[in-house]
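Asks: The following block contains the structure, expressed as structure tokens.
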Amino acid sequence: MFDLTPLYRSTVGFDRLAQLLGEAGEYETPTYPPYNIERMDEDNYRITMAVAGFGVDDLEIEVKEHTLKVSGAIIDRKENAEFLHQGIAARNFERQFQLADHMKVVGADMENGLLHIELKREIPEAMKPRVVPIKTAGKKKAIENKKAA
């Protein structure tokens with residue numbers, strides 16, 4: 001367990017980062033369902049979850065603030081079914097992903113038992129790097145002196 005109190009005293013605006021670090025030690029990561037996170041290019045990502053046995057109506061994707069929550073609950077579960085062997089894990093689940101600033105969920109689709117969630121980083125124009133021109137007083141005065149002569 002880390003004490004992040006000194007961090008709060010000497011930084012401004014990093015409280016969300018400190019909160020995430022504090023929660024990381026308390027949180028136990030679930031292992032079901034398995035998933036991949038792919039970087040498609042510089043600003044596009046995809047989360048792929050193996051959701052065999054779930055239909056589109058059994059899944060829910062919710063985005064709230066900086067958290068993506070994917071949950072699954074099979075609605076039409078056959079309680080009376082007699083299995084000789086049940087190897088497909090079709091249990092209810094809830095998995096959460098912390099999204100970085102400016103990450104947007106742009107879509108989701110399901111194919112062959114895999115749920116694909118598309119993410120895109122959309123940095124506002126005001127936050128993108130820009131070049132600031134440097135003015136010097138010496139050059140301006142030299143030009144004025146040439147005009148006077």
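Letters for chains follow the order of the structure tokens (A, B, ...), residue numbers begin at 1 for each chain, and ligand numbers begin at 1 in the order shown.
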Find the residues around Pro124 in chain A up to 12 Å (only C-alpha atoms counted), leave out those fewer than 3 positions away in its own chain, and share them as a tab-separated table (two decimals) with C-alpha atoms, in the first residue's frame.
Replies:
```tsv
chain	number	residue	atom	x	y	z
A	101	ASP	CA	-8.09	11.50	-21.34
A	102	HIS	CA	-9.59	12.23	-24.77
A	103	MET	CA	-10.30	8.55	-25.56
A	121	ARG	CA	-7.97	9.30	-29.18
A	127	MET	CA	-4.14	20.84	-26.75
A	128	LYS	CA	-2.13	19.77	-29.81
A	129	PRO	CA	1.51	20.90	-29.97
```
Asks: Using backbone DSSP assignments, extract all strand (DSSP E) residues from range 15-118 of chain A; output them as a PDB file with C-alpha atoms, in the first residue's frame.
Replies:
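Dumped to out.pdb:
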```pdb
ATOM      1  CA  TYR A  35      -9.494  -9.959 -23.940  1.00  0.00           C
ATOM      2  CA  ASN A  36      -6.870  -8.284 -26.136  1.00  0.00           C
ATOM      3  CA  ILE A  37      -6.046  -4.601 -26.466  1.00  0.00           C
ATOM      4  CA  GLU A  38      -4.612  -3.682 -29.870  1.00  0.00           C
ATOM      5  CA  ARG A  39      -3.076  -0.451 -31.074  1.00  0.00           C
ATOM      6  CA  ASN A  44      -6.916   4.147 -32.851  1.00  0.00           C
ATOM      7  CA  TYR A  45      -7.235   1.176 -30.512  1.00  0.00           C
ATOM      8  CA  ARG A  46      -9.417  -1.926 -30.323  1.00  0.00           C
ATOM      9  CA  ILE A  47     -10.446  -4.078 -27.384  1.00  0.00           C
ATOM     10  CA  THR A  48     -11.420  -7.611 -28.402  1.00  0.00           C
ATOM     11  CA  MET A  49     -13.249  -9.793 -25.873  1.00  0.00           C
ATOM     12  CA  ALA A  50     -13.978 -13.511 -26.246  1.00  0.00           C
ATOM     13  CA  LEU A  59     -24.126  -7.718 -23.707  1.00  0.00           C
ATOM     14  CA  GLU A  60     -24.062  -4.098 -22.554  1.00  0.00           C
ATOM     15  CA  ILE A  61     -21.384  -1.472 -23.146  1.00  0.00           C
ATOM     16  CA  GLU A  62     -21.464   1.668 -21.005  1.00  0.00           C
ATOM     17  CA  VAL A  63     -19.091   4.640 -20.984  1.00  0.00           C
ATOM     18  CA  LYS A  64     -19.146   6.960 -17.991  1.00  0.00           C
ATOM     19  CA  THR A  67     -14.496   4.245 -17.465  1.00  0.00           C
ATOM     20  CA  LEU A  68     -15.625   1.751 -20.096  1.00  0.00           C
ATOM     21  CA  LYS A  69     -17.774  -0.996 -18.593  1.00  0.00           C
ATOM     22  CA  VAL A  70     -18.653  -4.154 -20.529  1.00  0.00           C
ATOM     23  CA  SER A  71     -21.089  -6.552 -18.907  1.00  0.00           C
ATOM     24  CA  GLY A  72     -22.742  -9.735 -20.019  1.00  0.00           C
ATOM     25  CA  PHE A  93     -19.453 -10.912 -16.077  1.00  0.00           C
ATOM     26  CA  GLU A  94     -18.564  -7.267 -15.706  1.00  0.00           C
ATOM     27  CA  ARG A  95     -15.236  -5.897 -16.869  1.00  0.00           C
ATOM     28  CA  GLN A  96     -14.065  -2.290 -16.550  1.00  0.00           C
ATOM     29  CA  PHE A  97     -11.360  -0.449 -18.453  1.00  0.00           C
ATOM     30  CA  GLN A  98      -9.948   2.932 -17.408  1.00  0.00           C
ATOM     31  CA  MET A 103     -10.300   8.546 -25.556  1.00  0.00           C
ATOM     32  CA  LYS A 104     -13.693   8.018 -27.189  1.00  0.00           C
ATOM     33  CA  VAL A 105     -15.568   4.783 -27.846  1.00  0.00           C
ATOM     34  CA  VAL A 106     -16.517   5.048 -31.521  1.00  0.00           C
ATOM     35  CA  GLY A 107     -18.224   1.703 -32.110  1.00  0.00           C
ATOM     36  CA  ALA A 108     -18.624  -1.968 -31.342  1.00  0.00           C
ATOM     37  CA  ASP A 109     -19.390  -5.062 -33.362  1.00  0.00           C
ATOM     38  CA  MET A 110     -19.563  -8.790 -32.778  1.00  0.00           C
ATOM     39  CA  GLU A 111     -18.150 -11.460 -35.052  1.00  0.00           C
ATOM     40  CA  LEU A 114     -15.612 -11.944 -30.423  1.00  0.00           C
ATOM     41  CA  LEU A 115     -16.775  -8.503 -29.301  1.00  0.00           C
ATOM     42  CA  HIS A 116     -14.706  -5.717 -30.900  1.00  0.00           C
ATOM     43  CA  ILE A 117     -14.831  -2.259 -29.290  1.00  0.00           C
ATOM     44  CA  GLU A 118     -13.239   0.531 -31.321  1.00  0.00           C
TER      45      GLU A 118
END
```
Asks: When you count only C-alpha atoms, which of these residues is closest to Glu42 in chain A: A:Val132, A:Phe54, A:Ala126, A:Leu119?
Replies: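 Distance minimum relative to Glu42 in chain A lands on A:Leu119.
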Asks: Kindly give the distance, in Å, that separates CA of Pro33 in chain A and CA of Ala73 in chain A, rounded to a single decimal.
Replies: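 The value is 12.2 Å.
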Asks: For a test of reading the model, state the distance in Å between CA of Arg91 in chain A and CA of Val51 in chain A, rounded to one decimal.
Replies: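 Spanning CA of Arg91 in chain A to CA of Val51 in chain A is a straight-line distance of 10.0 Å.
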Asks: Would you work out the distance separating CA of Pro34 in chain A from CA of Ile75 in chain A, expressed in Å to one decimal?
Replies: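 Between CA of Pro34 in chain A and CA of Ile75 in chain A the gap is 20.8 Å.
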